[in-house]
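What follows is one structure encoded as structure tokens, with my remarks underneath.
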Amino acid sequence: MKTKLFYIFFGISTLMISQNSEKLLPPLNPSFHPANIEKTECITDSQRQVVRQQIALNRQAILQKNPNAFQHRGGHPLFILPIRPKAGFDDYGYYIINNQVDHNLTPNGNLLDYECGDRTYDWGNGNHEGTDYVLWPYPWKRMQEEIMEIVAAAPGTIIDKRDGHFDLNCVNNGNPNWNGIIIEHSDGSQAWYWHFKDGAITSKNIGDTVAEGEYLGAAGSSGSSTIPHLHFEIYDANNNLIDPYEGPCNSMNAESWFVDQPDYYVPEINRLSTHNSTNFDDECGVVENTYEELNFEPGETVYFRIFYRDLQTDSDTHIIVKRPDNSVLYDYVFTSPWPFYTGAYAQWEYPVDGSWPDGVYTITAEFGGNTYETIFGVNTNLGIEELDRSNISIYPNPTANQLYIKANSQIESIILYDLLGKKVVETAPLAKNAELNIASLKTGMYLAIISSEGKKTVRKIVKE
């Protein structure tokens, strides 16, 4: 797969003015940035045959040690999702599904996925034979952070394992040097998990068994790949290709192989964020600078972005920006005029002037039946987070009374602010675990600034 970003500058916004808001109109034409996946060659049939030959050798070695290792029994497995977010990940989403199994075996532009759509690809002499779960947004950054963990979709035995190959590939050219795992299930079917990050793989070896949901590795871009992702490919006991997703155009298998099959369209927002620049890094293999910013001053511009998953034409996003005192600054509906994309982002510009009061602003976006929220500040002490968010756990959040905070290192201080910038709680635990009683605080959102090892992170706390 290859990702190209290009830019279209048009859009439709319907503005609704609140009685207590100034007539500050947001841009009517947000910039639009789709992730366009180029349809190019993946692994060849001859290279797959080489993999099967190696699997046969591995199975022989396993049987020599354990003659009962492969006693086929039962029906086909039922899968859970083969990925999960890294522990501590607290954003809204981390992946999109770009490509499914191609059910039209006539190559070179004849596309058909299990739902009779074209969310797949082929090339001159081959077809895509798996499902691609792609990190989005910031795939290279999140690859290094190992945000997408690959897990066993069903229990089984490891029959092939590969690691040590370069994992920042940017070309789909049939490169056979992938990192990954192949698992055989109790009925003889196999799941191929490919393109792992180098070194981010289970310590278990060929012949070992794994349980459902057990960690296998982290997504990378090894082998024939142009973006960090998991390629998930399934075969039955007779080496027939299976599409685990059931649908009207799936002629490979009559029923789903999932315990709970995900929907075909999943219209969600993966991330809301504010930035200090229109720059967007998209160089293949390079960890992105996100240009994210939380604190702004008069004269600067807030560049607000929504990273979408499965954005469809005419879908609505209701966006509200509120001042620190909870009055409405912007209230508008964005109706997407753009074609369907599995992954894309839209950007609006909010120029900050002297009329903007100091404090913390909230942005909410309603999309696909869900509500999403982010914050930014004007003349506040919010800033770029230095402390790795994955090292801090906060729960339950929202909460009505007790709040628990755990860290991998000693927590030096915790300070809670309301949205007007007033300090409401301050404590110095000097321990890895802390407990706060916030029962006396008013219902609403607060900001927790947590310090550890001389670094800080800002987290939202919701008081019920």
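Going by the structure tokens order, chains are called A, B, ..., each with residues numbered from 1, while ligands are numbered from 1 in the order shown.
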
Taking the chain letters and numbering used in this document, name the residues of range 25-209 of chain A that DSSP puts in strand (DSSP E), as a PyMOL selection string. chain A and resi 31-38+83-85+95-99+122-123+126-127+131-135+148-151+156-162+180-184+190-194+196-201+209

Written file, previous selection with C-alpha atoms, as a CSV table (one decimal), in the first residue's frame:
```
chain,number,residue,atom,x,y,z
A,31,SER,CA,-9.2,22.4,3.8
A,32,PHE,CA,-9.5,18.7,3.1
A,33,HIS,CA,-6.7,16.1,3.2
A,34,PRO,CA,-7.6,12.5,2.2
A,35,ALA,CA,-5.2,9.6,2.6
A,36,ASN,CA,-5.2,8.1,-0.9
A,37,ILE,CA,-4.1,4.5,-1.0
A,38,GLU,CA,-2.3,3.5,-4.2
A,83,ILE,CA,-5.5,-5.7,17.0
A,84,ARG,CA,-5.8,-3.6,20.1
A,85,PRO,CA,-4.4,-0.2,21.3
A,95,TYR,CA,-6.6,2.8,12.9
A,96,ILE,CA,-8.6,2.6,9.7
A,97,ILE,CA,-9.4,-0.3,7.4
A,98,ASN,CA,-8.2,0.5,3.9
A,99,ASN,CA,-8.3,-2.7,2.0
A,122,ASP,CA,-5.4,-5.6,-7.2
A,123,TRP,CA,-2.6,-5.1,-9.8
A,126,GLY,CA,-2.7,-10.4,-8.7
A,127,ASN,CA,-5.3,-9.6,-6.1
A,131,THR,CA,-7.6,-7.2,5.4
A,132,ASP,CA,-5.3,-4.2,6.1
A,133,TYR,CA,-5.6,-2.4,9.5
A,134,VAL,CA,-3.6,0.8,9.1
A,135,LEU,CA,-2.4,3.2,11.8
A,148,MET,CA,-1.2,-0.8,17.4
A,149,GLU,CA,-0.7,-4.2,19.1
A,150,ILE,CA,-1.3,-7.3,17.1
A,151,VAL,CA,-3.0,-10.1,19.0
A,156,GLY,CA,-3.5,-21.9,18.0
A,157,THR,CA,0.1,-23.0,17.4
A,158,ILE,CA,2.8,-20.8,15.9
A,159,ILE,CA,3.9,-22.5,12.6
A,160,ASP,CA,6.1,-19.6,11.3
A,161,LYS,CA,7.8,-16.6,12.9
A,162,ARG,CA,10.0,-14.0,11.2
A,180,GLY,CA,5.3,-11.6,11.5
A,181,ILE,CA,3.6,-14.7,12.8
A,182,ILE,CA,1.6,-17.5,11.2
A,183,ILE,CA,-0.8,-19.4,13.5
A,184,GLU,CA,-2.5,-22.7,12.8
A,190,GLN,CA,-4.3,-20.6,9.3
A,191,ALA,CA,-4.0,-16.9,10.1
A,192,TRP,CA,-1.1,-15.0,8.6
A,193,TYR,CA,-0.1,-11.8,10.5
A,194,TRP,CA,2.4,-9.7,8.5
A,196,PHE,CA,5.4,-6.3,12.1
A,197,LYS,CA,7.8,-3.7,13.5
A,198,ASP,CA,11.3,-5.2,13.9
A,199,GLY,CA,11.9,-6.5,17.4
A,200,ALA,CA,8.4,-5.9,18.6
A,201,ILE,CA,7.3,-9.5,18.5
A,209,THR,CA,0.8,-22.2,21.5
```

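The list of residues with at least one atom within 6 Å of Val171 in chain A, based on only C-alpha atoms and without residues fewer than 2 positions apart in the same chain, reads A:Asn169, A:Asn173, A:Ser225, A:Thr226.
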
Based on the selection just made, write C-alpha atoms of those residues as a PDB file, in the first residue's frame.
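So again.pdb came out as:
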```pdb
ATOM      1  CA  ASN A 169       9.561   0.122   3.765  1.00  0.00           C
ATOM      2  CA  ASN A 173       7.086  -4.557  -4.774  1.00  0.00           C
ATOM      3  CA  SER A 225       4.467  -2.390   2.472  1.00  0.00           C
ATOM      4  CA  THR A 226       4.321   1.384   2.284  1.00  0.00           C
TER       5      THR A 226
END
```

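Between Asp102 in chain A and the candidates A:Gln54, A:Asn250, A:Thr120, A:Thr362, the tightest atom-to-atom separation, counting only C-alpha atoms, involves A:Thr120.
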
Rank A:Cys116, A:Val101, A:Leu430, A:Ser256 by their smallest atom-to-atom distance to Glu412 in chain A, using only C-alpha atoms, and report the top residue only. A:Leu430

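The spacing separating CA of Tyr345 in chain A from CA of Glu268 in chain A amounts to 11.6 Å.
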
Contacts of Pro228 in chain A at 8 Å or less, counting only C-alpha atoms, minus same-chain residues fewer than 6 places along, as a PyMOL selection string? chain A and resi 134-135+139-140+143+168+195+219-221

If you count only C-alpha atoms, which residues fall within 7 Å of range 40-53 of chain A, apart from same-chain ones fewer than 3 positions away, as a compact mmCIF listing (two decimals) with C-alpha atoms, in the first residue's frame?
```
# COMPACT_ATOMS: atom_id res chain seq x y z
CA MET A 1 0.00 0.00 0.00
CA ALA A 56 5.59 -27.55 5.92
CA LEU A 57 9.17 -27.88 7.17
CA ASP A 122 -5.39 -5.55 -7.24
CA TRP A 123 -2.61 -5.13 -9.77
CA ASN A 172 4.86 -2.37 -2.62
CA ASN A 173 7.09 -4.56 -4.77
CA GLY A 174 6.61 -8.11 -3.55
CA ASN A 175 9.38 -7.81 -0.95
CA PRO A 176 9.30 -11.20 0.89
CA SER A 224 5.99 -5.42 0.76
```

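Of the listed residues (A:Asp163, A:Asp236, A:Asp314, A:Glu145), A:Asp314 comes nearest to Ser336 in chain A; the distances count only C-alpha atoms.
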
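Distance-wise, CA of His275 in chain A and CA of Val302 in chain A end up 6.1 Å apart.
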
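Between Glu129 in chain A and the candidates A:Asp260, A:Glu297, A:Asp243, A:Asp282, the tightest atom-to-atom separation, counting only C-alpha atoms, involves A:Asp243.
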
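Nearest to Cys170 in chain A of all the residues A:Leu419, A:Val286, A:Asp90, A:Leu111 is A:Val286, counting only C-alpha atoms.
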